[in-house]
>>> print(open('upload.txt').read())   # compact mmCIF, C-alpha atoms and all ligand atoms
# COMPACT_ATOMS: atom_id res chain seq x y z
CA MET B 240 94.89 -169.68 148.08
CA THR B 241 98.53 -169.45 149.02
CA MET B 242 99.29 -171.66 146.04
CA ILE B 243 97.45 -169.33 143.64
CA PHE B 244 99.22 -166.31 145.12
CA ALA B 245 102.56 -168.06 144.67
CA VAL B 246 101.79 -168.93 141.04
CA VAL B 247 100.65 -165.37 140.26
CA THR B 248 103.73 -163.91 141.95
CA ILE B 249 106.09 -166.19 140.07
CA ALA B 250 104.34 -165.40 136.77
CA ALA B 251 104.56 -161.65 137.48
CA LEU B 252 108.24 -161.92 138.34
CA GLY B 253 108.84 -163.88 135.16
CA LEU B 254 107.08 -161.26 133.04
CA SER B 255 108.99 -158.46 134.76
CA ALA B 256 112.31 -160.16 134.15
CA ARG B 257 111.65 -160.66 130.45
CA TRP B 258 109.83 -157.42 129.64
CA ALA B 259 110.24 -153.80 130.68
CA TRP B 260 106.50 -153.11 130.92
CA TRP B 261 106.99 -151.58 134.39
CA ARG B 262 109.15 -148.78 133.00
CA LYS B 263 107.54 -145.37 132.63
CA PRO B 264 106.60 -144.33 129.10
CA VAL B 265 109.26 -141.98 127.72
CA PRO B 266 108.79 -139.29 125.07
CA GLY B 267 110.86 -138.94 121.92
CA MET B 268 111.44 -140.15 118.41
CA LYS B 269 110.63 -143.74 117.53
CA VAL B 270 113.26 -145.02 115.14
CA LEU B 271 113.18 -148.78 114.59
CA CYS B 272 116.42 -150.45 113.53
CA TYR B 273 116.34 -153.63 111.48
CA HIS B 274 119.11 -155.40 109.60
CA LYS B 275 118.04 -158.53 107.73
CA VAL B 276 114.61 -159.90 106.95
CA GLY B 277 114.74 -163.66 106.41
CA SER B 278 116.12 -166.79 108.07
CA PRO B 279 119.67 -166.84 109.43
CA PRO B 280 122.01 -168.97 107.31
CA PRO B 281 123.82 -171.92 108.95
CA GLY B 282 126.79 -170.67 110.94
CA SER B 283 125.32 -167.26 111.73
CA LYS B 284 126.41 -166.02 115.15
CA LEU B 285 124.23 -162.93 114.84
CA LYS B 286 120.91 -164.76 114.54
CA ASP B 287 118.95 -162.09 116.38
CA LEU B 288 119.73 -159.60 113.61
CA TRP B 289 117.50 -161.71 111.33
CA VAL B 290 113.77 -161.01 111.57
CA SER B 291 111.48 -163.47 109.80
CA PRO B 292 109.22 -162.06 107.06
CA LYS B 293 106.24 -163.26 109.10
CA ARG B 294 107.29 -161.26 112.17
CA PHE B 295 108.27 -158.25 110.09
CA ARG B 296 104.86 -158.24 108.41
CA ALA B 297 103.10 -158.55 111.78
CA GLN B 298 105.13 -155.64 113.17
CA VAL B 299 104.44 -153.34 110.22
CA LYS B 300 100.77 -154.29 110.37
CA TYR B 301 100.76 -153.54 114.12
CA LEU B 302 102.15 -150.06 113.45
CA LEU B 303 99.59 -149.28 110.78
CA ASP B 304 96.68 -150.78 112.73
CA ASN B 305 97.64 -148.56 115.65
CA GLY B 306 97.61 -145.40 113.55
CA TYR B 307 101.36 -144.87 113.11
CA ALA B 308 102.57 -142.89 110.12
CA THR B 309 105.79 -144.42 108.75
CA LEU B 310 108.13 -141.56 107.92
CA THR B 311 111.00 -141.31 105.47
CA PHE B 312 114.22 -139.39 106.02
CA SER B 313 112.94 -136.60 103.76
CA ASP B 314 109.71 -136.41 105.80
CA LEU B 315 111.83 -136.02 108.93
CA LYS B 316 113.98 -133.37 107.27
CA LYS B 317 110.91 -131.31 106.36
CA LEU B 318 109.74 -131.43 110.00
CA HIS B 319 113.22 -130.58 111.25
CA ASP B 320 113.78 -127.70 108.82
CA SER B 321 110.40 -126.13 109.56
CA GLY B 322 110.62 -126.66 113.31
CA ALA B 323 107.38 -128.64 113.24
CA PRO B 324 106.44 -131.04 116.02
CA LEU B 325 106.79 -134.74 115.38
CA PRO B 326 103.37 -136.41 115.20
CA GLU B 327 102.97 -138.59 118.32
CA ARG B 328 101.97 -141.58 116.24
CA SER B 329 104.92 -141.55 113.86
CA VAL B 330 107.80 -143.94 113.43
CA LEU B 331 110.82 -144.38 111.20
CA ILE B 332 111.55 -147.89 109.98
CA THR B 333 115.29 -148.12 109.24
CA PHE B 334 117.48 -150.94 107.97
CA ASP B 335 121.26 -150.99 108.33
CA ASP B 336 123.74 -152.11 105.68
CA GLY B 337 121.58 -152.62 102.53
CA TYR B 338 121.06 -156.38 102.22
CA GLU B 339 119.45 -157.98 99.19
CA ASN B 340 116.84 -159.46 101.54
CA ASN B 341 115.61 -155.90 102.15
CA TYR B 342 114.69 -155.93 98.45
CA THR B 343 113.38 -159.50 98.24
CA SER B 344 111.58 -159.70 101.62
CA ALA B 345 111.07 -156.34 103.33
CA TRP B 346 110.21 -154.02 100.45
CA PRO B 347 107.32 -156.18 99.12
CA ILE B 348 105.77 -156.26 102.60
CA LEU B 349 106.09 -152.49 103.09
CA ARG B 350 104.70 -151.85 99.62
CA GLU B 351 101.79 -154.24 100.06
CA LEU B 352 100.77 -152.85 103.45
CA GLY B 353 101.32 -149.21 102.46
CA ALA B 354 104.26 -148.39 104.75
CA LYS B 355 107.62 -146.69 104.12
CA GLY B 356 111.15 -147.57 105.07
CA ASN B 357 114.71 -146.24 104.96
CA ILE B 358 117.95 -148.08 104.30
CA PHE B 359 121.49 -147.09 105.34
CA VAL B 360 123.72 -148.28 102.51
CA VAL B 361 127.42 -149.21 102.59
CA TYR B 362 128.51 -147.83 99.21
CA ASN B 363 131.42 -150.16 98.39
CA THR B 364 129.40 -153.31 99.10
CA ILE B 365 126.47 -152.50 96.79
CA GLY B 366 125.92 -155.62 94.65
CA ARG B 367 128.55 -157.53 96.66
CA THR B 368 128.42 -159.14 100.13
CA ASN B 369 128.80 -158.11 103.78
CA LEU B 370 132.59 -158.14 103.39
CA TRP B 371 133.19 -156.42 106.72
CA HIS B 372 132.06 -159.51 108.62
CA ASP B 373 134.39 -162.41 109.29
CA PRO B 374 132.61 -165.19 107.36
CA ALA B 375 133.64 -167.65 110.11
CA THR B 376 131.16 -165.97 112.44
CA GLU B 377 128.66 -164.32 110.09
CA PRO B 378 128.30 -165.84 106.61
CA TRP B 379 128.46 -163.54 103.62
CA VAL B 380 125.12 -162.92 101.97
CA ASN B 381 124.21 -160.75 99.01
CA MET B 382 123.82 -157.03 99.34
CA ALA B 383 121.25 -155.25 97.15
CA THR B 384 122.45 -154.20 93.72
CA LEU B 385 122.28 -150.62 92.48
CA GLU B 386 119.40 -151.60 90.19
CA GLN B 387 117.48 -152.99 93.15
CA LEU B 388 118.14 -149.85 95.20
CA ARG B 389 116.92 -147.70 92.31
CA GLU B 390 113.81 -149.82 91.84
CA MET B 391 112.89 -149.52 95.53
CA GLN B 392 113.48 -145.78 95.42
CA ALA B 393 111.35 -145.36 92.29
CA SER B 394 108.47 -147.14 94.06
CA GLY B 395 108.34 -144.27 96.57
CA VAL B 396 108.47 -146.80 99.41
CA ILE B 397 112.17 -146.65 100.29
CA GLU B 398 114.63 -143.82 100.90
CA TYR B 399 118.34 -144.05 101.63
CA GLY B 400 120.98 -142.81 103.95
CA SER B 401 124.71 -143.48 104.15
CA HIS B 402 126.44 -146.10 106.25
CA THR B 403 129.97 -145.22 105.01
CA MET B 404 132.03 -146.59 102.11
CA ASN B 405 133.39 -149.76 103.81
CA HIS B 406 131.63 -150.21 107.18
CA PRO B 407 134.74 -149.48 109.30
CA HIS B 408 135.06 -148.75 113.01
CA LEU B 409 135.19 -144.99 112.48
CA GLY B 410 136.55 -144.35 115.96
CA SER B 411 139.63 -146.49 115.23
CA LEU B 412 140.51 -144.82 111.93
CA PRO B 413 142.73 -141.76 111.56
CA LEU B 414 140.29 -138.83 111.70
CA GLU B 415 140.91 -137.85 108.08
CA ASP B 416 140.06 -141.38 106.90
CA ALA B 417 136.90 -141.40 109.00
CA ALA B 418 135.92 -138.05 107.47
CA TRP B 419 136.53 -139.46 103.99
CA GLU B 420 134.29 -142.49 104.69
CA MET B 421 131.44 -140.13 105.56
CA GLN B 422 131.99 -137.50 102.85
CA GLU B 423 132.75 -139.85 99.99
CA SER B 424 129.80 -142.19 100.67
CA LYS B 425 127.44 -139.21 100.67
CA ARG B 426 128.87 -138.00 97.37
CA GLN B 427 128.84 -141.43 95.71
CA LEU B 428 125.35 -142.38 96.89
CA GLU B 429 123.94 -139.04 95.78
CA ALA B 430 125.55 -139.49 92.35
CA ALA B 431 124.28 -143.07 92.05
CA LEU B 432 120.74 -142.44 93.30
CA GLY B 433 120.18 -138.82 92.28
CA ARG B 434 118.83 -137.79 95.70
CA GLU B 435 120.21 -135.95 98.69
CA MET B 436 121.50 -138.19 101.50
CA CYS B 437 120.41 -136.30 104.60
CA ALA B 438 120.92 -139.19 107.03
CA PHE B 439 123.94 -141.11 108.26
CA ALA B 440 124.32 -144.11 110.59
CA TYR B 441 127.63 -144.96 112.31
CA PRO B 442 128.66 -148.60 111.71
CA TYR B 443 128.67 -150.40 115.09
CA GLY B 444 127.80 -146.98 116.55
CA ASP B 445 131.55 -146.41 116.54
CA GLY B 446 132.39 -142.71 116.45
CA ALA B 447 128.89 -141.61 117.47
CA TYR B 448 130.20 -140.47 120.86
CA SER B 449 133.52 -139.11 119.69
CA PRO B 450 133.14 -135.31 119.40
CA GLU B 451 135.80 -135.22 116.64
CA VAL B 452 134.19 -137.94 114.52
CA ARG B 453 130.71 -136.57 115.04
CA LYS B 454 131.89 -133.10 114.00
CA LYS B 455 133.14 -134.60 110.74
CA ALA B 456 129.78 -136.32 110.16
CA LEU B 457 127.92 -133.04 110.52
CA GLU B 458 130.52 -131.21 108.41
CA ALA B 459 130.01 -133.79 105.67
CA GLY B 460 126.55 -132.27 105.30
CA TYR B 461 124.24 -134.81 106.91
CA THR B 462 121.24 -133.33 108.68
CA PHE B 463 120.74 -136.44 110.84
CA ASP B 464 123.22 -138.86 112.40
CA PHE B 465 121.94 -142.06 113.96
CA SER B 466 123.68 -143.98 116.72
CA PHE B 467 123.64 -147.65 117.62
CA LYS B 468 122.28 -147.04 121.10
CA GLN B 469 118.92 -148.26 122.34
CA GLY B 470 116.49 -145.48 123.16
CA LYS B 471 114.41 -142.52 122.08
CA THR B 472 115.78 -139.03 121.43
CA LEU B 473 113.71 -135.96 122.23
CA TRP B 474 112.08 -133.90 119.49
CA PRO B 475 112.71 -131.06 118.67
CA TRP B 476 116.12 -132.62 118.29
CA ASP B 477 119.11 -130.80 119.80
CA ARG B 478 121.42 -131.54 116.89
CA ALA B 479 124.47 -129.95 118.47
CA SER B 480 124.40 -132.15 121.54
CA SER B 481 123.59 -135.71 120.48
CA THR B 482 123.03 -138.31 117.81
CA ILE B 483 119.61 -139.91 117.36
CA ASP B 484 119.14 -143.20 119.23
CA ARG B 485 117.18 -146.14 117.88
CA LEU B 486 115.03 -149.08 118.90
CA PHE B 487 116.72 -152.35 117.98
CA ILE B 488 114.30 -155.01 116.83
CA ARG B 489 115.60 -158.54 117.40
CA GLY B 490 114.48 -161.66 115.61
CA SER B 491 112.92 -162.87 118.85
CA ASP B 492 110.87 -159.70 119.44
CA ASN B 493 107.08 -160.00 119.18
CA ASN B 494 104.45 -157.26 118.94
CA TRP B 495 104.44 -156.78 122.72
CA ASP B 496 108.18 -156.08 122.53
CA LEU B 497 107.47 -153.64 119.72
CA GLU B 498 104.89 -151.81 121.83
CA LEU B 499 107.41 -151.54 124.70
CA HIS B 500 110.14 -150.27 122.35
CA LEU B 501 107.75 -147.59 121.06
CA THR B 502 106.46 -146.44 124.44
CA ARG B 503 109.24 -147.30 126.93
CA GLY B 504 112.23 -147.03 124.64
CA ALA B 505 113.20 -150.64 125.41
CA SER B 506 111.49 -153.99 125.57
CA ARG B 507 113.88 -155.84 127.88
CA LEU B 508 115.93 -155.29 130.97
ZN ZN T 1 126.03 -151.77 109.84
>>> encode(input="upload.txt", output="structure tokens")
Amino acid sequence: MTMIFAVVTIAALGLSARWAWWRKPVPGMKVLCYHKVGSPPPGSKLKDLWVSPKRFRAQVKYLLDNGYATLTFSDLKKLHDSGAPLPERSVLITFDDGYENNYTSAWPILRELGAKGNIFVVYNTIGRTNLWHDPATEPWVNMATLEQLREMQASGVIEYGSHTMNHPHLGSLPLEDAAWEMQESKRQLEAALGREMCAFAYPYGDGAYSPEVRKKALEAGYTFDFSFKQGKTLWPWDRASSTIDRLFIRGSDNNWDLELHLTRGASRL
């Protein structure tokens, strides 16, 4: 008996250390943040930013099976502009940076299952590589081309937001340069894609908590600015006071992690 109790206790402690199931459910927007869908290349030091197509498919299927509507940025803008409540079972699937694997691996899965996604694009790296990374720690891989971005947009499955011109640390740039990164990428992406860019994500989250930088992001004309901080932001959104936090999906996250992200705002300690 004592033995069984000990085993159960140890198992419960193990589960509690790995997962945040014991946290209280928290209200707010559910914005998933992905980067790359595929297998990490040799030499990658950021392996957890790669989610396998198998896991990605299982996660999207989990959302749809559980009645979640997958919103686009323009869906969110309509709700925001009209002051409508956010449906409880709604989620935004977002991808940072604009990798080619979003086109080759994520888009076909979303399209097949009937879900929608949103990609934050770095304008100057379209059709190039992730030049902002040091290739010694994170190998360069292809970014989606403009043709691929247009094809995904035309399918009605994918919408876009801006992730600057060059993926800089906005908080370290002179303020005028940071403002240019945000204004110019909006202008260029809108010209290239023929749609309004209502959403912006701060590279590395840098600048998201600087009142000066954030002021420039809102002045650039974005309705929404997304941080790089784990969590859920309340809806109706108090735009003046904070950015929108996100739920970071790691390559090692399973559907139980996903459920905890959605309900608790975090899956781990
Ligand atoms: Zn990024």
>>> atom_distance(input="upload.txt", atom1="CA of Glu351 (chain B)", atom2="CA of Lys293 (chain B)")
13.5 Å
>>> residues_near_ligand(input="upload.txt", ligand="ligand ZN 1 (chain T)", cutoff="12 Å", atoms="all atoms listed in the file", output="ChimeraX atom specification")
/B:272-275,288,333-338,358-362,364,369-372,382,400-409,439-445,465-467
>>> atom_distance(input="upload.txt", atom1="CA of His319 (chain B)", atom2="CA of Val270 (chain B)")
15.0 Å
>>> atom_distance(input="upload.txt", atom1="CA of Ala479 (chain B)", atom2="CA of Ala430 (chain B)")
27.8 Å
>>> closest_residue(input="upload.txt", among="B:Ala505, B:Cys437, B:Asn494, B:Arg453", to="Lys316 (chain B)", atoms="all atoms listed in the file")
B:Cys437
